[in-house]
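Trainee: Next up, run-v3.cif (mmCIF, C-alpha atoms (C1' of nucleotides) and all ligand atoms).
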```cif
data_protein
loop_
_atom_site.label_atom_id
_atom_site.label_comp_id
_atom_site.auth_asym_id
_atom_site.auth_seq_id
_atom_site.Cartn_x
_atom_site.Cartn_y
_atom_site.Cartn_z
CA MET A 176 0.00 0.00 0.00
CA SER A 177 2.54 2.52 1.16
CA GLY A 178 4.88 1.50 -1.64
CA VAL A 179 2.20 1.70 -4.31
CA LEU A 180 1.25 5.20 -3.30
CA HIS A 181 4.88 6.19 -3.50
CA VAL A 182 5.10 4.82 -7.02
CA LEU A 183 1.96 6.60 -8.14
CA LEU A 184 3.19 9.92 -6.78
CA HIS A 185 6.41 9.45 -8.68
CA MET A 186 4.47 8.79 -11.87
CA ALA A 187 2.47 11.94 -11.26
CA GLU A 188 5.67 13.99 -11.27
CA VAL A 189 6.67 12.84 -14.74
CA ASP A 190 4.70 13.59 -17.88
CA GLY A 191 5.70 10.63 -20.06
CA PRO A 192 5.52 6.91 -19.30
CA VAL A 193 7.90 5.49 -16.70
CA THR A 194 9.42 2.05 -17.04
CA SER A 195 9.30 -0.63 -14.36
CA GLU A 196 13.07 -0.45 -14.32
CA THR A 197 13.08 3.23 -13.45
CA LEU A 198 10.39 2.83 -10.83
CA ALA A 199 12.23 -0.12 -9.33
CA ARG A 200 15.37 1.96 -8.93
CA MET A 201 13.37 4.70 -7.25
CA MET A 202 11.80 2.22 -4.83
CA GLN A 203 15.00 0.24 -4.38
CA THR A 204 13.37 -2.97 -5.48
CA ASN A 205 13.00 -5.19 -8.54
CA PRO A 206 11.17 -4.35 -11.79
CA VAL A 207 9.15 -7.56 -11.56
CA VAL A 208 7.85 -6.57 -8.15
CA ILE A 209 6.66 -3.30 -9.65
CA ARG A 210 4.89 -5.11 -12.48
CA ARG A 211 3.29 -7.52 -10.05
CA VAL A 212 1.71 -4.86 -7.92
CA MET A 213 0.76 -2.69 -10.90
CA ALA A 214 -1.13 -5.57 -12.51
CA GLY A 215 -4.11 -5.05 -10.25
CA LEU A 216 -4.14 -1.30 -10.76
CA LYS A 217 -4.03 -1.82 -14.49
CA ALA A 218 -6.98 -4.20 -14.38
CA ALA A 219 -8.84 -1.61 -12.33
CA GLY A 220 -8.13 1.01 -15.00
CA THR A 221 -6.04 3.16 -12.68
CA VAL A 222 -2.88 2.94 -14.72
CA ARG A 223 -1.94 2.06 -18.26
CA SER A 224 1.05 0.15 -19.58
CA ASP A 225 2.68 0.27 -23.00
CA LYS A 226 5.29 -2.01 -24.44
CA GLY A 227 8.27 -1.34 -26.59
CA HIS A 228 10.22 1.87 -27.17
CA GLY A 229 8.90 4.79 -25.18
CA GLY A 230 6.69 2.45 -23.22
CA GLY A 231 6.14 2.12 -19.50
CA TRP A 232 3.52 3.06 -16.94
CA THR A 233 1.15 6.00 -17.09
CA LEU A 234 -1.58 7.22 -14.79
CA ALA A 235 -4.88 6.58 -16.56
CA ARG A 236 -7.01 8.75 -14.31
CA ASP A 237 -6.81 12.13 -12.68
CA LEU A 238 -5.19 12.35 -9.27
CA ALA A 239 -8.23 14.14 -7.90
CA SER A 240 -10.51 11.27 -8.88
CA LEU A 241 -8.39 8.60 -7.18
CA THR A 242 -8.91 7.84 -3.52
CA LEU A 243 -6.90 5.65 -1.20
CA LEU A 244 -9.86 3.30 -1.31
CA ASP A 245 -9.51 2.90 -5.07
CA ILE A 246 -5.85 2.04 -4.64
CA TYR A 247 -6.60 -0.39 -1.82
CA HIS A 248 -9.08 -2.26 -3.97
CA GLY A 249 -6.75 -1.98 -6.94
CA ILE A 250 -4.05 -3.94 -5.17
CA GLY A 251 -6.50 -6.70 -4.33
CA SER A 252 -8.00 -5.58 -1.00
CA PRO A 253 -5.44 -7.37 1.15
CA PRO A 254 -6.11 -8.10 4.84
CA LEU A 255 -6.04 -4.88 6.86
CA PHE A 256 -5.45 -6.30 10.31
CA ALA A 257 -2.47 -8.12 11.74
CA ILE A 258 -4.51 -9.80 14.47
CA GLY A 259 -6.96 -11.98 12.62
CA ASN A 260 -8.94 -15.04 13.56
CA ARG A 261 -7.09 -18.29 13.84
CA ARG A 262 -9.51 -20.49 11.96
CA GLU A 263 -12.01 -19.62 9.33
CA ALA A 264 -14.71 -22.22 10.02
CA PRO A 265 -14.38 -23.39 13.60
CA GLU A 266 -16.84 -26.00 14.81
CA CYS A 267 -15.76 -25.27 18.34
CA ALA A 268 -18.06 -23.07 20.42
CA VAL A 269 -15.18 -21.30 22.14
CA GLU A 270 -13.63 -20.31 18.83
CA GLN A 271 -16.99 -19.15 17.60
CA ALA A 272 -17.53 -16.93 20.62
CA VAL A 273 -14.05 -15.46 20.32
CA ASN A 274 -14.38 -14.88 16.61
CA GLU A 275 -17.78 -13.28 16.99
CA ALA A 276 -16.48 -10.79 19.51
CA LEU A 277 -13.33 -9.94 17.58
CA ASP A 278 -15.13 -9.71 14.28
CA ALA A 279 -17.62 -7.26 15.71
CA SER A 280 -14.85 -4.88 16.70
CA LEU A 281 -12.71 -5.49 13.64
CA ASP A 282 -15.56 -5.07 11.18
CA GLU A 283 -16.49 -1.79 12.77
CA ALA A 284 -12.92 -0.52 12.58
CA GLU A 285 -12.54 -1.76 9.02
CA ALA A 286 -15.64 0.08 7.90
CA LEU A 287 -14.35 3.30 9.39
CA LEU A 288 -10.93 2.82 7.89
CA LEU A 289 -12.23 2.18 4.39
CA ALA A 290 -14.58 5.13 4.66
CA SER A 291 -11.63 7.23 5.67
CA PHE A 292 -9.66 5.92 2.71
CA GLY A 293 -12.52 6.97 0.49
CA THR A 294 -12.16 10.59 1.49
CA VAL A 295 -8.47 10.98 0.69
CA THR A 296 -7.48 11.61 -2.92
CA LEU A 297 -4.07 11.25 -4.48
CA ALA A 298 -4.31 14.93 -5.39
CA THR A 299 -4.24 15.70 -1.68
CA LEU A 300 -1.15 13.57 -1.24
CA SER A 301 0.54 15.29 -4.15
CA GLN A 302 -0.28 18.71 -2.75
CA ASN A 303 1.11 17.71 0.61
CA PHE A 304 4.25 16.53 -1.08
CA HIS A 305 4.74 19.82 -2.90
CA ARG A 306 4.03 21.80 0.24
CA ARG A 307 6.71 19.88 2.11
CA LEU A 308 9.09 20.44 -0.76
CA ALA A 309 8.47 24.17 -0.70
CA GLU A 310 8.96 24.32 3.05
CA ARG A 311 12.17 22.39 2.81
CA ARG A 312 13.47 24.65 0.05
CA ALA A 313 12.65 27.72 2.09
CA ALA A 314 14.42 26.28 5.10
CA THR A 315 17.64 25.22 3.39
CA SER A 316 17.81 27.68 0.49
CA SER A 317 19.35 24.96 -1.62
CA GLY A 318 18.48 23.85 -5.13
CA ASP A 319 15.02 23.30 -6.53
CA ARG A 320 14.95 19.50 -6.69
CA HIS A 321 14.65 16.95 -3.97
CA ASP A 322 17.67 14.76 -3.45
CA HIS A 323 16.59 11.42 -4.73
CA MET B 75 -4.92 -12.44 20.44
CA SER B 76 -7.47 -14.96 19.28
CA GLY B 77 -5.45 -17.76 20.80
CA VAL B 78 -4.99 -16.02 24.12
CA LEU B 79 -8.70 -15.43 24.47
CA HIS B 80 -9.31 -19.08 23.78
CA VAL B 81 -6.89 -20.04 26.54
CA LEU B 82 -8.46 -17.67 29.02
CA LEU B 83 -11.93 -19.01 28.31
CA HIS B 84 -10.66 -22.51 28.89
CA MET B 85 -9.18 -21.45 32.21
CA ALA B 86 -12.49 -19.92 33.17
CA GLU B 87 -14.19 -23.29 32.71
CA VAL B 88 -11.94 -25.01 35.23
CA ASP B 89 -11.82 -24.14 38.91
CA GLY B 90 -8.28 -25.22 39.77
CA PRO B 91 -4.99 -24.21 38.10
CA VAL B 92 -4.28 -25.50 34.60
CA THR B 93 -0.80 -26.44 33.48
CA SER B 94 0.89 -25.14 30.33
CA GLU B 95 0.99 -28.71 29.15
CA THR B 96 -2.77 -29.11 29.36
CA LEU B 97 -3.42 -25.75 27.72
CA ALA B 98 -0.95 -26.59 24.98
CA ARG B 99 -2.81 -29.80 24.19
CA MET B 100 -6.08 -27.92 24.07
CA MET B 101 -4.61 -25.34 21.68
CA GLN B 102 -2.63 -27.91 19.73
CA THR B 103 0.62 -26.14 20.34
CA ASN B 104 3.66 -26.24 22.61
CA PRO B 105 3.75 -25.55 26.38
CA VAL B 106 6.57 -23.05 25.92
CA VAL B 107 4.47 -21.05 23.50
CA ILE B 108 1.76 -20.88 26.16
CA ARG B 109 4.22 -19.69 28.78
CA ARG B 110 5.63 -17.09 26.43
CA VAL B 111 2.32 -15.47 25.74
CA MET B 112 1.13 -15.76 29.34
CA ALA B 113 4.22 -13.96 30.61
CA GLY B 114 2.80 -10.57 29.65
CA LEU B 115 -0.59 -11.32 31.15
CA LYS B 116 1.06 -12.38 34.38
CA ALA B 117 3.07 -9.16 34.55
CA ALA B 118 -0.18 -7.28 34.01
CA GLY B 119 -1.78 -9.12 36.92
CA THR B 120 -4.37 -10.80 34.74
CA VAL B 121 -3.26 -14.34 35.53
CA ARG B 122 -1.27 -16.06 38.21
CA SER B 123 1.18 -18.95 37.92
CA ASP B 124 2.25 -21.46 40.54
CA LYS B 125 5.06 -23.96 40.38
CA GLY B 126 5.28 -27.48 41.64
CA HIS B 127 2.58 -30.01 42.40
CA GLY B 128 -0.91 -28.71 41.79
CA GLY B 129 0.55 -25.68 40.06
CA GLY B 130 -0.34 -24.06 36.76
CA TRP B 131 -2.21 -21.03 35.54
CA THR B 132 -5.14 -19.32 37.24
CA LEU B 133 -7.20 -16.29 36.36
CA ALA B 134 -6.29 -13.56 38.83
CA ARG B 135 -9.21 -11.28 38.08
CA ASP B 136 -12.90 -11.59 37.48
CA LEU B 137 -14.07 -12.20 33.91
CA ALA B 138 -16.41 -9.24 34.13
CA SER B 139 -13.56 -6.90 34.97
CA LEU B 140 -11.40 -7.97 32.02
CA THR B 141 -11.88 -6.33 28.64
CA LEU B 142 -10.38 -7.21 25.30
CA LEU B 143 -8.34 -4.03 25.69
CA ASP B 144 -6.76 -5.36 28.88
CA ILE B 145 -5.81 -8.55 27.08
CA TYR B 146 -4.45 -6.65 24.09
CA HIS B 147 -2.18 -4.59 26.32
CA GLY B 148 -1.34 -7.68 28.34
CA ILE B 149 0.16 -9.42 25.34
CA GLY B 150 2.34 -6.41 24.59
CA SER B 151 0.12 -4.23 22.39
CA PRO B 152 1.31 -5.74 19.11
CA PRO B 153 0.79 -3.94 15.79
CA LEU B 154 -2.87 -3.97 14.82
CA PHE B 155 -2.58 -3.33 11.10
CA ALA B 156 -1.10 -5.41 8.35
CA ILE B 157 -0.54 -2.46 6.04
CA GLY B 158 1.94 -0.29 7.90
CA ASN B 159 4.37 2.35 6.80
CA ARG B 160 7.48 1.23 5.01
CA ARG B 161 9.98 3.35 6.88
CA GLU B 162 9.79 4.83 10.33
CA ALA B 163 11.81 8.01 9.82
CA PRO B 164 11.82 8.91 6.14
CA GLU B 165 13.72 12.01 5.08
CA CYS B 166 11.97 11.83 1.74
CA ALA B 167 9.07 14.22 1.18
CA VAL B 168 7.07 11.67 -0.79
CA GLU B 169 7.28 9.12 2.00
CA GLN B 170 6.33 11.77 4.51
CA ALA B 171 3.24 12.76 2.55
CA VAL B 172 2.21 9.13 2.13
CA ASN B 173 2.81 8.31 5.78
CA GLU B 174 0.93 11.37 6.95
CA ALA B 175 -2.15 10.42 4.96
CA LEU B 176 -2.08 6.75 5.95
CA ASP B 177 -1.39 7.51 9.59
CA ALA B 178 -4.34 9.84 9.77
CA SER B 179 -6.70 7.09 8.66
CA LEU B 180 -4.99 4.32 10.59
CA ASP B 181 -4.81 6.27 13.84
CA GLU B 182 -8.49 7.03 13.61
CA ALA B 183 -9.37 3.39 13.02
CA GLU B 184 -7.03 2.25 15.76
CA ALA B 185 -8.64 4.56 18.29
CA LEU B 186 -12.06 3.21 17.42
CA LEU B 187 -10.88 -0.38 17.55
CA LEU B 188 -9.27 -0.01 20.97
CA ALA B 189 -12.31 1.80 22.29
CA SER B 190 -14.40 -1.06 21.01
CA PHE B 191 -12.09 -3.55 22.69
CA GLY B 192 -12.59 -1.64 25.92
CA THR B 193 -16.31 -2.31 25.89
CA VAL B 194 -16.15 -6.09 25.55
CA THR B 195 -15.54 -8.14 28.67
CA LEU B 196 -14.46 -11.74 28.92
CA ALA B 197 -17.66 -12.38 30.84
CA THR B 198 -19.54 -11.53 27.68
CA LEU B 199 -17.44 -13.98 25.70
CA SER B 200 -18.03 -16.68 28.27
CA GLN B 201 -21.76 -16.07 28.22
CA ASN B 202 -21.78 -16.30 24.44
CA PHE B 203 -19.89 -19.55 24.66
CA HIS B 204 -22.39 -21.08 27.08
CA ARG B 205 -25.28 -19.83 25.00
CA ARG B 206 -23.86 -21.54 21.93
CA LEU B 207 -23.31 -24.68 23.93
CA ALA B 208 -26.91 -24.71 25.11
CA GLU B 209 -28.18 -24.14 21.59
CA ARG B 210 -26.05 -26.93 20.28
CA ARG B 211 -27.21 -29.30 23.00
CA ALA B 212 -30.83 -28.47 22.26
CA ALA B 213 -30.28 -29.07 18.56
CA THR B 214 -28.52 -32.41 18.82
CA SER B 215 -29.97 -33.80 22.10
CA SER B 216 -26.62 -35.42 22.79
CA GLY B 217 -24.52 -35.38 25.96
CA ASP B 218 -23.79 -32.39 28.14
CA ARG B 219 -20.15 -31.74 27.24
CA HIS B 220 -18.65 -30.24 24.14
CA ASP B 221 -16.55 -32.57 22.09
CA HIS B 222 -13.02 -31.35 22.62
"C1'" DT C 15 14.75 -35.87 48.17
"C1'" DC C 16 12.05 -36.65 44.23
"C1'" DT C 17 8.71 -35.08 41.11
"C1'" DC C 18 6.20 -31.50 39.05
"C1'" DA C 19 5.71 -27.08 36.97
"C1'" DT C 20 7.14 -22.53 35.52
"C1'" DG C 21 11.01 -19.24 33.34
"C1'" DT C 22 13.99 -18.50 29.77
"C1'" DA C 23 17.70 -18.84 26.58
"C1'" DA C 24 19.13 -20.91 22.35
"C1'" DC C 25 18.17 -23.28 18.44
"C1'" DT C 26 15.19 -25.18 14.54
"C1'" DT C 27 11.31 -25.21 11.58
"C1'" DT C 28 7.74 -23.08 8.85
"C1'" DC C 29 5.68 -19.99 5.94
"C1'" DA C 30 4.55 -15.98 3.56
"C1'" DA C 31 6.54 -11.88 1.37
"C1'" DT C 32 9.91 -10.34 -1.41
"C1'" DG C 33 13.41 -10.69 -4.74
"C1'" DT C 34 15.46 -12.98 -8.94
"C1'" DT C 35 15.92 -15.34 -13.31
"C1'" DA C 36 14.19 -16.63 -17.57
"C1'" DC C 37 11.70 -16.29 -21.49
"C1'" DG C 38 7.64 -15.22 -24.38
"C1'" DA C 39 4.61 -11.53 -26.38
"C1'" DA C 40 3.83 -6.98 -28.02
"C1'" DC C 41 5.40 -2.79 -29.66
"C1'" DT C 42 8.49 0.87 -32.07
"C1'" DA C 43 12.31 2.87 -34.45
"C1'" DG C 44 15.10 2.51 -38.25
"C1'" DC D 212 11.98 -6.90 -41.69
"C1'" DT D 213 15.18 -6.61 -37.93
"C1'" DA D 214 16.81 -5.25 -33.76
"C1'" DG D 215 16.08 -3.22 -29.49
"C1'" DT D 216 12.87 -2.27 -25.82
"C1'" DT D 217 9.35 -3.19 -22.41
"C1'" DC D 218 5.63 -5.55 -20.27
"C1'" DG D 219 3.57 -10.34 -18.54
"C1'" DT D 220 4.23 -14.25 -16.02
"C1'" DA D 221 5.82 -18.57 -14.47
"C1'" DA D 222 9.30 -20.74 -11.79
"C1'" DC D 223 12.69 -20.60 -8.50
"C1'" DA D 224 15.57 -18.43 -4.58
"C1'" DT D 225 16.14 -15.53 -0.61
"C1'" DT D 226 14.77 -13.45 3.51
"C1'" DG D 227 12.74 -12.52 7.87
"C1'" DA D 228 9.46 -13.01 11.31
"C1'" DA D 229 6.50 -16.15 13.85
"C1'" DA D 230 5.96 -20.52 15.81
"C1'" DG D 231 7.77 -24.65 17.51
"C1'" DT D 232 11.39 -27.31 20.02
"C1'" DT D 233 15.06 -28.57 23.18
"C1'" DA D 234 17.51 -27.94 27.25
"C1'" DC D 235 18.24 -26.69 31.65
"C1'" DA D 236 17.79 -23.76 35.82
"C1'" DT D 237 14.55 -22.33 39.56
"C1'" DG D 238 10.95 -22.83 42.81
"C1'" DA D 239 7.27 -25.49 45.19
"C1'" DG D 240 4.91 -29.27 47.02
"C1'" DA D 241 4.51 -34.48 48.46
S1 LIG A 401 -10.72 -26.18 21.11
FE1 LIG A 401 -10.87 -25.20 23.02
S2 LIG A 401 -12.96 -25.53 23.45
FE2 LIG A 401 -12.89 -26.17 21.41
S1 LIG A 402 12.32 7.95 -2.59
FE1 LIG A 402 10.77 8.45 -4.01
S2 LIG A 402 10.78 10.60 -3.81
FE2 LIG A 402 12.05 10.07 -2.19
#
```
What does this structure look like when you write it as structure tokens?
Ligand code: FES
Ligand code: FES
Mentor:
Amino acid sequence: MSGVLHVLLHMAEVDGPVTSETLARMMQTNPVVIRRVMAGLKAAGTVRSDKGHGGGWTLARDLASLTLLDIYHGIGSPPLFAIGNRREAPECAVEQAVNEALDASLDEAEALLLASFGTVTLATLSQNFHRRLAERRAATSSGDRHDH
Amino acid sequence: MSGVLHVLLHMAEVDGPVTSETLARMMQTNPVVIRRVMAGLKAAGTVRSDKGHGGGWTLARDLASLTLLDIYHGIGSPPLFAIGNRREAPECAVEQAVNEALDASLDEAEALLLASFGTVTLATLSQNFHRRLAERRAATSSGDRHDH
DNA sequence: TCTCATGTAACTTTCAATGTTACGAACTAG
DNA sequence: CTAGTTCGTAACATTGAAAGTTACATGAGA
């Protein structure tokens, strides 16, 4: 999640397509890992990929129309919580009671979290990024690009 | 978390102390694993342990006075979310913007979740367990003990 | 004193996430 | 058409954290 958002913000800073190779260097990882995680976003229509010369990854939608919730679903809606239930279909009454109680709390928290995700757009993230950049530039009076 | 609650409910069903060995068999795991996880609860005053003959683990507090929040803190307040931030102290402005946005949502959800945990007592869990047991007994008309 | 049980360190096993290699398919420049 | 580039994906390798295991010391009863 965190990594994907980072990648998307990078893509937003460049006008042309960006290759998996370039993105991988930025994220200090492997091009295949980039492709793997982008696959879901491509299927969701969030990004576009082109092969051959001048190819690479492009944002297919406007930053303002993309929420964290879109991204979360785009990467396959992975489990949100680290403390899940031990067994999926327990016959045991103890397990059932424990699961029922935990699920009640977890489901409530999950609903709030996803709703919260739905209110945050990538445009907001990008604005925050540029604000930080401006503040940093003002503070250090150095060049006009960030270091990496 | 789920496993610890299961253990505690088992202890609530027995009057005397229960050994790590017995609990481990119930949970299909190793006695040392039981002791490891109980260590925090003991330090928190939730359970008591006695060595030697007739020793083992005992609940030190009333079920009604124990909430899921107590248990959560007792086991060391582990990370709740599976989708955390990649780096703790990022110098990079992109990471900072991403972390800020995610943390805002996650902190909100975490607060709700912990508050929710605070409202659920182990007594409630135990009651739910016995209710399920009664329902099951009524449905099957079999003996008066659950199977495992 | 002998047995039982916890406390804990050290080691091993397991398993999922991540990283890597390899190669095929699609695309473009020339 | 050919060569170079890039994605798509399967297969394999590496890594790291969680769980399991072994071993032994400590404390408490019988
Ligand atoms: S396994 Fe513990 S009561 Fe069912
Ligand atoms: S590492 Fe991507 S902008 Fe800093």
Trainee: Determine, using only C-alpha atoms and all ligand atoms, which residues of chain A have any atom at most 7 Å from an atom of ligand LIG 402 (chain A), and tabulate each with its shortest atom pair and distance in Å to one decimal place, rows ordered by chain and then rising number, as JSON lines.
Mentor:
```
{"residue": "A:His181", "atom": "CA", "partner": "A:LIG402", "partner_atom": "FE1", "distance": 6.3}
{"residue": "A:His185", "atom": "CA", "partner": "A:LIG402", "partner_atom": "FE1", "distance": 6.5}
{"residue": "A:Met201", "atom": "CA", "partner": "A:LIG402", "partner_atom": "FE1", "distance": 5.6}
{"residue": "A:Met202", "atom": "CA", "partner": "A:LIG402", "partner_atom": "S1", "distance": 6.2}
{"residue": "A:His323", "atom": "CA", "partner": "A:LIG402", "partner_atom": "FE2", "distance": 5.4}
```
Trainee: Keeping only C-alpha atoms, take the residues you just selected and write them out as a compact mmCIF listing (two decimals), in the frame of the given file.
Mentor:
```txt
# COMPACT_ATOMS: atom_id res chain seq x y z
CA HIS A 181 4.88 6.19 -3.50
CA HIS A 185 6.41 9.45 -8.68
CA MET A 201 13.37 4.70 -7.25
CA MET A 202 11.80 2.22 -4.83
CA HIS A 323 16.59 11.42 -4.73
```
Trainee: Should the cut-off be 9 Å, what would the residue list for chain C against chain A look like, counting all atoms listed in the file, as an MDAnalysis selection string?
Mentor: chainID C and resid 32:34 40:43
Trainee: Check every protein, DNA and RNA residue against ligand LIG 401 (chain A), keep those with an atom at most 9 Å away (counting all atoms listed in the file), and present them as number ranges by chain.
Mentor: A: 265-271; B: 80-81, 83-84, 97, 100-102, 220-222
Trainee: Once chain B is fitted onto chain A by least squares over all its in-order Cα atoms, send the moved chain as a compact mmCIF listing (two decimals) with C-alpha atoms, keeping the file's coordinate frame.
Mentor:
```txt
# COMPACT_ATOMS: atom_id res chain seq x y z
CA MET B 75 0.00 -0.01 0.00
CA SER B 76 2.56 2.51 1.16
CA GLY B 77 4.88 1.49 -1.64
CA VAL B 78 2.21 1.68 -4.31
CA LEU B 79 1.27 5.19 -3.29
CA HIS B 80 4.89 6.19 -3.49
CA VAL B 81 5.10 4.83 -7.03
CA LEU B 82 1.96 6.60 -8.12
CA LEU B 83 3.19 9.91 -6.75
CA HIS B 84 6.41 9.46 -8.66
CA MET B 85 4.47 8.81 -11.84
CA ALA B 86 2.47 11.95 -11.24
CA GLU B 87 5.68 13.99 -11.22
CA VAL B 88 6.67 12.85 -14.70
CA ASP B 89 4.69 13.62 -17.83
CA GLY B 90 5.70 10.69 -20.03
CA PRO B 91 5.52 6.94 -19.27
CA VAL B 92 7.90 5.52 -16.69
CA THR B 93 9.41 2.07 -17.03
CA SER B 94 9.30 -0.62 -14.35
CA GLU B 95 13.06 -0.45 -14.31
CA THR B 96 13.09 3.24 -13.42
CA LEU B 97 10.39 2.83 -10.79
CA ALA B 98 12.23 -0.13 -9.32
CA ARG B 99 15.38 1.95 -8.91
CA MET B 100 13.40 4.70 -7.25
CA MET B 101 11.83 2.21 -4.82
CA GLN B 102 15.02 0.22 -4.40
CA THR B 103 13.40 -2.98 -5.48
CA ASN B 104 13.00 -5.20 -8.53
CA PRO B 105 11.16 -4.36 -11.79
CA VAL B 106 9.15 -7.57 -11.56
CA VAL B 107 7.87 -6.59 -8.14
CA ILE B 108 6.66 -3.32 -9.65
CA ARG B 109 4.89 -5.12 -12.47
CA ARG B 110 3.28 -7.54 -10.06
CA VAL B 111 1.72 -4.87 -7.94
CA MET B 112 0.77 -2.70 -10.91
CA ALA B 113 -1.11 -5.57 -12.53
CA GLY B 114 -4.11 -5.06 -10.27
CA LEU B 115 -4.13 -1.31 -10.76
CA LYS B 116 -4.03 -1.80 -14.51
CA ALA B 117 -6.98 -4.19 -14.40
CA ALA B 118 -8.83 -1.58 -12.36
CA GLY B 119 -8.13 1.05 -15.00
CA THR B 120 -6.04 3.17 -12.68
CA VAL B 121 -2.87 2.94 -14.73
CA ARG B 122 -1.94 2.09 -18.27
CA SER B 123 1.06 0.18 -19.59
CA ASP B 124 2.69 0.31 -23.01
CA LYS B 125 5.31 -1.97 -24.45
CA GLY B 126 8.25 -1.24 -26.64
CA HIS B 127 10.20 1.95 -27.19
CA GLY B 128 8.91 4.87 -25.17
CA GLY B 129 6.70 2.50 -23.21
CA GLY B 130 6.15 2.15 -19.49
CA TRP B 131 3.53 3.07 -16.94
CA THR B 132 1.16 6.03 -17.08
CA LEU B 133 -1.58 7.22 -14.79
CA ALA B 134 -4.88 6.59 -16.55
CA ARG B 135 -7.01 8.76 -14.31
CA ASP B 136 -6.80 12.14 -12.69
CA LEU B 137 -5.18 12.35 -9.25
CA ALA B 138 -8.22 14.13 -7.88
CA SER B 139 -10.49 11.28 -8.89
CA LEU B 140 -8.38 8.59 -7.20
CA THR B 141 -8.89 7.83 -3.53
CA LEU B 142 -6.89 5.63 -1.22
CA LEU B 143 -9.87 3.28 -1.33
CA ASP B 144 -9.51 2.89 -5.09
CA ILE B 145 -5.85 2.03 -4.65
CA TYR B 146 -6.60 -0.41 -1.84
CA HIS B 147 -9.08 -2.28 -4.00
CA GLY B 148 -6.74 -1.99 -6.96
CA ILE B 149 -4.03 -3.96 -5.20
CA GLY B 150 -6.48 -6.73 -4.37
CA SER B 151 -8.00 -5.61 -1.07
CA PRO B 152 -5.45 -7.39 1.11
CA PRO B 153 -6.14 -8.13 4.79
CA LEU B 154 -6.07 -4.93 6.82
CA PHE B 155 -5.48 -6.34 10.28
CA ALA B 156 -2.53 -8.16 11.72
CA ILE B 157 -4.54 -9.83 14.46
CA GLY B 158 -7.00 -12.02 12.60
CA ASN B 159 -8.96 -15.07 13.56
CA ARG B 160 -7.11 -18.32 13.89
CA ARG B 161 -9.52 -20.52 12.00
CA GLU B 162 -12.03 -19.63 9.34
CA ALA B 163 -14.72 -22.21 10.06
CA PRO B 164 -14.40 -23.40 13.64
CA GLU B 165 -16.86 -26.01 14.87
CA CYS B 166 -15.76 -25.25 18.40
CA ALA B 167 -18.05 -23.06 20.49
CA VAL B 168 -15.17 -21.29 22.20
CA GLU B 169 -13.63 -20.29 18.89
CA GLN B 170 -17.00 -19.14 17.65
CA ALA B 171 -17.54 -16.92 20.68
CA VAL B 172 -14.05 -15.46 20.38
CA ASN B 173 -14.39 -14.87 16.65
CA GLU B 174 -17.80 -13.28 17.04
CA ALA B 175 -16.50 -10.76 19.55
CA LEU B 176 -13.33 -9.94 17.60
CA ASP B 177 -15.16 -9.71 14.30
CA ALA B 178 -17.64 -7.26 15.72
CA SER B 179 -14.86 -4.87 16.70
CA LEU B 180 -12.73 -5.49 13.64
CA ASP B 181 -15.59 -5.08 11.18
CA GLU B 182 -16.51 -1.79 12.76
CA ALA B 183 -12.94 -0.52 12.56
CA GLU B 184 -12.56 -1.78 9.02
CA ALA B 185 -15.67 0.06 7.88
CA LEU B 186 -14.37 3.28 9.37
CA LEU B 187 -10.93 2.80 7.88
CA LEU B 188 -12.24 2.17 4.37
CA ALA B 189 -14.60 5.11 4.64
CA SER B 190 -11.64 7.21 5.66
CA PHE B 191 -9.65 5.91 2.71
CA GLY B 192 -12.52 6.96 0.48
CA THR B 193 -12.15 10.58 1.49
CA VAL B 194 -8.46 10.97 0.69
CA THR B 195 -7.46 11.61 -2.90
CA LEU B 196 -4.06 11.26 -4.48
CA ALA B 197 -4.30 14.92 -5.38
CA THR B 198 -4.24 15.68 -1.69
CA LEU B 199 -1.14 13.56 -1.24
CA SER B 200 0.55 15.28 -4.14
CA GLN B 201 -0.29 18.69 -2.74
CA ASN B 202 1.13 17.70 0.63
CA PHE B 203 4.27 16.52 -1.08
CA HIS B 204 4.76 19.81 -2.91
CA ARG B 205 4.03 21.76 0.24
CA ARG B 206 6.72 19.85 2.10
CA LEU B 207 9.10 20.41 -0.77
CA ALA B 208 8.48 24.15 -0.71
CA GLU B 209 8.97 24.27 3.04
CA ARG B 210 12.18 22.36 2.78
CA ARG B 211 13.47 24.61 0.02
CA ALA B 212 12.65 27.69 2.06
CA ALA B 213 14.43 26.25 5.08
CA THR B 214 17.64 25.21 3.35
CA SER B 215 17.81 27.73 0.45
CA SER B 216 19.37 25.02 -1.69
CA GLY B 217 18.48 23.91 -5.21
CA ASP B 218 15.02 23.33 -6.59
CA ARG B 219 14.96 19.53 -6.74
CA HIS B 220 14.63 16.99 -3.98
CA ASP B 221 17.64 14.83 -3.44
CA HIS B 222 16.59 11.43 -4.70
```
Trainee: Find the residues around DG44 (chain C) up to 12 Å (all atoms listed in the file counted), leave out those fewer than 6 positions away in its own chain, and share them as a short mmCIF file (atom, residue, chain, number, x, y, z; two decimals) with C-alpha atoms (C1' of nucleotides), in the frame of the given file.
Mentor:
```
data_model
loop_
_atom_site.label_atom_id
_atom_site.label_comp_id
_atom_site.auth_asym_id
_atom_site.auth_seq_id
_atom_site.Cartn_x
_atom_site.Cartn_y
_atom_site.Cartn_z
"C1'" DC D 212 11.98 -6.90 -41.69
"C1'" DT D 213 15.18 -6.61 -37.93
"C1'" DA D 214 16.81 -5.25 -33.76
"C1'" DG D 215 16.08 -3.22 -29.49
#
```
Trainee: Please check the contacts: residues of chain D at most 9 Å away from chain A, using all atoms listed in the file, listed as JSON, numbers by chain.
Mentor: {"D": [215, 216, 217, 218, 219]}
Trainee: Could you check the closest approach to chain B for each of A:Asp190, A:Asp237, A:Asp245, A:Glu310 and tell me which residue wins, using all atoms listed in the file?
Mentor: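 Looking at the shortest contact to chain B, the residue is A:Glu310.
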